[in-house]
Amino acid sequence: MTIRNSAALIMPGMGASLPPVLNQSLALSGTARQTNTLVPTLPSRSGIVNVKISAGTGTSPTVVALDITATDGTATEQVDAYNPAVAYALGANAVFHKTFRYLVDLSAATAGPGATTITVGTTLGGTSPGATLDLELCPAA
């Protein structure tokens with residue numbers, strides 16, 4: 001179930017001028033933390049990361065944790081994290097969908113101000129869990 005309503009819909013007025021970056025239909029499996037990256041066309045100081053996890057498989061699949069980090073190739077900042085007291089249960093028809101806003105203070109001289117890579121770390125729970133991950137980055141200038 002890919003992202004159909006882009007987070008770019010809520011970006012007007014925030015200086016959005018860079019194209020969205022999509023990374024969709026990524027397979028998640030197991031209970032170890034998995035990372036996936038998004039690379040804006042130009043370094044980005046702010047924007048939205050749109051995360052959608054669906055199609056849970058295995059026995060009692062859940063979303064246990066999620067974290068977003070940004071780097072300029074030199075320094076790394078944690079942008080946000082989702083660590084619920086009770087894991088979100090995924091099922092055939094249950095979808096985890098959350099948007100995260102970010103504003104970073106990264107300024108490597110070689111890349112210009114802003115993040116050159118946004119990383120999304122995902123941890124599933126359950127027995128032999130699996131799911132589909134869809135990511136969208138809507139960077140502002």
# chains A, B, ... in the order shown; residues from 1 in each chain; ligands from 1

call {"tool": "residues_around", "arguments": {"residues": "Pro113 in chain A", "least_positions_apart": "4", "cutoff": "10 Å", "atoms": "only C-alpha atoms", "output": "number ranges by chain"}}
result
A: 42-45, 72, 104-109

call {"tool": "residues_around", "arguments": {"residues": "Thr59 in chain A", "least_positions_apart": "5", "cutoff": "10 Å", "atoms": "only C-alpha atoms", "output": "VMD selection string"}}
result
chain A and resid 90 to 91 125 to 130

call {"tool": "write_last_selection", "arguments": {"atoms": "all heavy atoms", "output": "PDB file, in the first residue's frame"}}
result
ATOM      1  N   LEU A  90       0.447  -4.488  13.795  1.00  0.00           N
ATOM      2  CA  LEU A  90       0.247  -4.515  12.349  1.00  0.00           C
ATOM      3  C   LEU A  90      -0.544  -5.771  12.007  1.00  0.00           C
ATOM      4  O   LEU A  90      -0.334  -6.812  12.610  1.00  0.00           O
ATOM      5  CB  LEU A  90       1.580  -4.576  11.609  1.00  0.00           C
ATOM      6  CG  LEU A  90       2.458  -3.353  11.633  1.00  0.00           C
ATOM      7  CD1 LEU A  90       3.814  -3.687  11.030  1.00  0.00           C
ATOM      8  CD2 LEU A  90       1.812  -2.225  10.874  1.00  0.00           C
ATOM      9  N   GLY A  91      -1.386  -5.676  11.044  1.00  0.00           N
ATOM     10  CA  GLY A  91      -2.115  -6.837  10.571  1.00  0.00           C
ATOM     11  C   GLY A  91      -2.343  -6.684   9.086  1.00  0.00           C
ATOM     12  O   GLY A  91      -1.834  -5.753   8.464  1.00  0.00           O
ATOM     13  N   GLY A 125       8.382  -6.066  16.026  1.00  0.00           N
ATOM     14  CA  GLY A 125       8.285  -7.062  17.073  1.00  0.00           C
ATOM     15  C   GLY A 125       7.361  -8.179  16.622  1.00  0.00           C
ATOM     16  O   GLY A 125       6.714  -8.093  15.585  1.00  0.00           O
ATOM     17  N   GLY A 126       7.286  -9.228  17.400  1.00  0.00           N
ATOM     18  CA  GLY A 126       6.463 -10.385  17.067  1.00  0.00           C
ATOM     19  C   GLY A 126       7.352 -11.583  16.760  1.00  0.00           C
ATOM     20  O   GLY A 126       8.557 -11.555  16.969  1.00  0.00           O
ATOM     21  N   THR A 127       6.733 -12.623  16.235  1.00  0.00           N
ATOM     22  CA  THR A 127       7.464 -13.829  15.867  1.00  0.00           C
ATOM     23  C   THR A 127       7.606 -13.860  14.351  1.00  0.00           C
ATOM     24  O   THR A 127       6.605 -13.862  13.641  1.00  0.00           O
ATOM     25  CB  THR A 127       6.725 -15.089  16.356  1.00  0.00           C
ATOM     26  OG1 THR A 127       6.535 -14.985  17.768  1.00  0.00           O
ATOM     27  CG2 THR A 127       7.501 -16.340  16.029  1.00  0.00           C
ATOM     28  N   SER A 128       8.832 -13.838  13.871  1.00  0.00           N
ATOM     29  CA  SER A 128       9.130 -13.795  12.432  1.00  0.00           C
ATOM     30  C   SER A 128       8.322 -12.706  11.725  1.00  0.00           C
ATOM     31  O   SER A 128       7.653 -12.964  10.728  1.00  0.00           O
ATOM     32  CB  SER A 128       8.849 -15.150  11.787  1.00  0.00           C
ATOM     33  OG  SER A 128       9.645 -16.147  12.367  1.00  0.00           O
ATOM     34  N   PRO A 129       8.400 -11.448  12.229  1.00  0.00           N
ATOM     35  CA  PRO A 129       7.585 -10.396  11.625  1.00  0.00           C
ATOM     36  C   PRO A 129       8.135  -9.920  10.288  1.00  0.00           C
ATOM     37  O   PRO A 129       9.329 -10.023  10.003  1.00  0.00           O
ATOM     38  CB  PRO A 129       7.666  -9.269  12.657  1.00  0.00           C
ATOM     39  CG  PRO A 129       9.017  -9.443  13.266  1.00  0.00           C
ATOM     40  CD  PRO A 129       9.225 -10.935  13.324  1.00  0.00           C
ATOM     41  N   GLY A 130       7.229  -9.402   9.490  1.00  0.00           N
ATOM     42  CA  GLY A 130       7.574  -8.784   8.220  1.00  0.00           C
ATOM     43  C   GLY A 130       6.571  -7.690   7.930  1.00  0.00           C
ATOM     44  O   GLY A 130       5.474  -7.668   8.498  1.00  0.00           O
TER      45      GLY A 130
END

call {"tool": "closest_residue", "arguments": {"among": "A:Thr31, A:Asn83, A:Thr132, A:Thr117", "to": "Ser60 in chain A", "atoms": "only C-alpha atoms"}}
result
A:Thr31

call {"tool": "closest_residue", "arguments": {"among": "A:Thr122, A:Ser29, A:Thr74, A:Thr62", "to": "Val95 in chain A", "atoms": "only C-alpha atoms"}}
result
A:Thr62

call {"tool": "atom_distance", "arguments": {"atom1": "CA of Thr41 in chain A", "atom2": "CA of Phe96 in chain A"}}
result
26.9 Å

call {"tool": "residues_around", "arguments": {"residues": "Asn93 in chain A", "least_positions_apart": "4", "cutoff": "12 Å", "atoms": "only C-alpha atoms", "output": "list of chain:residue names"}}
result
A:Met1, A:Ile53, A:Ser54, A:Ala55, A:Gly56, A:Thr57, A:Ala89, A:Ala131

call {"tool": "write_last_selection", "arguments": {"atoms": "all heavy atoms", "output": "compact mmCIF listing (two decimals), in the first residue's frame"}}
result
# COMPACT_ATOMS: atom_id res chain seq x y z
N MET A 1 0.84 -1.16 0.00
CA MET A 1 0.00 0.00 0.00
C MET A 1 0.90 1.23 0.00
O MET A 1 1.32 1.70 1.03
CB MET A 1 -0.90 -0.02 1.23
CG MET A 1 -1.90 1.08 1.25
SD MET A 1 -2.96 1.07 2.71
CE MET A 1 -3.83 -0.46 2.51
N ILE A 53 3.98 1.99 7.23
CA ILE A 53 4.30 0.57 7.36
C ILE A 53 3.01 -0.21 7.28
O ILE A 53 2.06 0.07 8.03
CB ILE A 53 5.03 0.29 8.70
CG1 ILE A 53 6.29 1.16 8.81
CG2 ILE A 53 5.40 -1.19 8.80
CD1 ILE A 53 6.97 1.09 10.16
N SER A 54 2.97 -1.19 6.38
CA SER A 54 1.73 -1.94 6.16
C SER A 54 2.03 -3.40 5.85
O SER A 54 3.18 -3.81 5.80
CB SER A 54 0.94 -1.31 5.00
OG SER A 54 1.71 -1.35 3.82
N ALA A 55 0.98 -4.15 5.63
CA ALA A 55 1.07 -5.55 5.21
C ALA A 55 1.88 -6.40 6.18
O ALA A 55 2.80 -7.11 5.79
CB ALA A 55 1.61 -5.67 3.79
N GLY A 56 1.55 -6.30 7.47
CA GLY A 56 2.25 -7.08 8.48
C GLY A 56 2.09 -8.57 8.26
O GLY A 56 1.02 -9.05 7.90
N THR A 57 3.18 -9.31 8.45
CA THR A 57 3.16 -10.76 8.30
C THR A 57 3.82 -11.39 9.53
O THR A 57 4.42 -10.70 10.34
CB THR A 57 3.92 -11.21 7.03
OG1 THR A 57 5.28 -10.79 7.13
CG2 THR A 57 3.29 -10.63 5.78
N ALA A 89 0.21 -2.66 16.74
CA ALA A 89 -0.06 -3.95 16.10
C ALA A 89 -0.32 -3.77 14.60
O ALA A 89 -1.18 -2.98 14.20
CB ALA A 89 -1.24 -4.63 16.76
N ALA A 131 6.92 -6.76 7.06
CA ALA A 131 6.02 -5.68 6.68
C ALA A 131 6.59 -4.97 5.46
O ALA A 131 7.72 -5.24 5.05
CB ALA A 131 5.84 -4.70 7.84

call {"tool": "select_by_dssp", "arguments": {"residues": "chain A", "states": "strand (DSSP E)", "output": "VMD selection string"}}
result
chain A and resid 21 to 29 34 to 38 46 to 71 76 to 82 88 to 89 96 to 103 117 to 140

call {"tool": "residues_around", "arguments": {"residues": "Val64 in chain A", "least_positions_apart": "5", "cutoff": "6 Å", "atoms": "only C-alpha atoms", "output": "PDB file with all heavy atoms, in the first residue's frame"}}
result
ATOM      1  N   ALA A  87       3.458  -1.460  21.788  1.00  0.00           N
ATOM      2  CA  ALA A  87       3.798  -1.546  20.361  1.00  0.00           C
ATOM      3  C   ALA A  87       2.540  -1.495  19.501  1.00  0.00           C
ATOM      4  O   ALA A  87       1.489  -2.000  19.877  1.00  0.00           O
ATOM      5  CB  ALA A  87       4.572  -2.836  20.088  1.00  0.00           C
ATOM      6  N   THR A 123      12.154  -0.857  13.894  1.00  0.00           N
ATOM      7  CA  THR A 123      12.257  -2.105  14.638  1.00  0.00           C
ATOM      8  C   THR A 123      10.871  -2.729  14.742  1.00  0.00           C
ATOM      9  O   THR A 123       9.935  -2.085  15.221  1.00  0.00           O
ATOM     10  CB  THR A 123      12.827  -1.885  16.051  1.00  0.00           C
ATOM     11  OG1 THR A 123      14.069  -1.200  15.937  1.00  0.00           O
ATOM     12  CG2 THR A 123      13.033  -3.201  16.772  1.00  0.00           C
ATOM     13  N   LEU A 124      10.752  -3.965  14.276  1.00  0.00           N
ATOM     14  CA  LEU A 124       9.498  -4.712  14.367  1.00  0.00           C
ATOM     15  C   LEU A 124       9.552  -5.666  15.549  1.00  0.00           C
ATOM     16  O   LEU A 124      10.632  -6.049  16.002  1.00  0.00           O
ATOM     17  CB  LEU A 124       9.251  -5.520  13.086  1.00  0.00           C
ATOM     18  CG  LEU A 124       9.099  -4.738  11.782  1.00  0.00           C
ATOM     19  CD1 LEU A 124       8.887  -5.713  10.625  1.00  0.00           C
ATOM     20  CD2 LEU A 124       7.967  -3.745  11.855  1.00  0.00           C
ATOM     21  N   GLY A 125       8.382  -6.066  16.026  1.00  0.00           N
ATOM     22  CA  GLY A 125       8.285  -7.062  17.073  1.00  0.00           C
ATOM     23  C   GLY A 125       7.361  -8.179  16.622  1.00  0.00           C
ATOM     24  O   GLY A 125       6.714  -8.093  15.585  1.00  0.00           O
TER      25      GLY A 125
END

call {"tool": "residues_around", "arguments": {"residues": "Leu22 in chain A", "least_positions_apart": "6", "cutoff": "8 Å", "atoms": "only C-alpha atoms", "output": "PDB file with N, CA, C and O atoms, in the first residue's frame"}}
result
ATOM      1  N   LEU A  38      17.106   8.225   2.775  1.00  0.00           N
ATOM      2  CA  LEU A  38      16.524   9.120   1.781  1.00  0.00           C
ATOM      3  C   LEU A  38      17.543  10.225   1.534  1.00  0.00           C
ATOM      4  O   LEU A  38      18.122  10.766   2.482  1.00  0.00           O
ATOM      5  N   ASP A 134       7.093   2.195   3.286  1.00  0.00           N
ATOM      6  CA  ASP A 134       7.082   3.236   2.266  1.00  0.00           C
ATOM      7  C   ASP A 134       7.567   4.521   2.920  1.00  0.00           C
ATOM      8  O   ASP A 134       7.079   4.899   3.983  1.00  0.00           O
ATOM      9  N   LEU A 135       8.519   5.195   2.273  1.00  0.00           N
ATOM     10  CA  LEU A 135       9.093   6.418   2.816  1.00  0.00           C
ATOM     11  C   LEU A 135       8.953   7.545   1.800  1.00  0.00           C
ATOM     12  O   LEU A 135       9.071   7.325   0.588  1.00  0.00           O
ATOM     13  N   GLU A 136       8.757   8.744   2.316  1.00  0.00           N
ATOM     14  CA  GLU A 136       8.725   9.938   1.477  1.00  0.00           C
ATOM     15  C   GLU A 136       9.435  11.049   2.239  1.00  0.00           C
ATOM     16  O   GLU A 136       9.182  11.247   3.429  1.00  0.00           O
ATOM     17  N   LEU A 137      10.306  11.760   1.570  1.00  0.00           N
ATOM     18  CA  LEU A 137      10.983  12.920   2.128  1.00  0.00           C
ATOM     19  C   LEU A 137      10.516  14.134   1.349  1.00  0.00           C
ATOM     20  O   LEU A 137      10.651  14.185   0.118  1.00  0.00           O
TER      21      LEU A 137
END

call {"tool": "closest_residue", "arguments": {"among": "A:Leu26, A:Leu133, A:Ala115, A:Val86", "to": "Thr69 in chain A", "atoms": "only C-alpha atoms"}}
result
A:Ala115

call {"tool": "closest_residue", "arguments": {"among": "A:Pro40, A:Gly114, A:Gly121, A:Gly30", "to": "Ala65 in chain A", "atoms": "only C-alpha atoms"}}
result
A:Gly121

call {"tool": "atom_distance", "arguments": {"atom1": "CA of Lys52 in chain A", "atom2": "CA of Thr99 in chain A"}}
result
8.6 Å

call {"tool": "select_by_dssp", "arguments": {"residues": "chain A", "states": "helix (DSSP H, G or I)", "output": "ChimeraX atom specification"}}
result
/A:7-10

call {"tool": "residues_around", "arguments": {"residues": "Gln78 in chain A", "least_positions_apart": "5", "cutoff": "10 Å", "atoms": "only C-alpha atoms", "output": "number ranges by chain"}}
result
A: 67-71, 102, 104, 118-119

call {"tool": "atom_distance", "arguments": {"atom1": "CA of Leu18 in chain A", "atom2": "CA of Gly73 in chain A"}}
result
19.7 Å
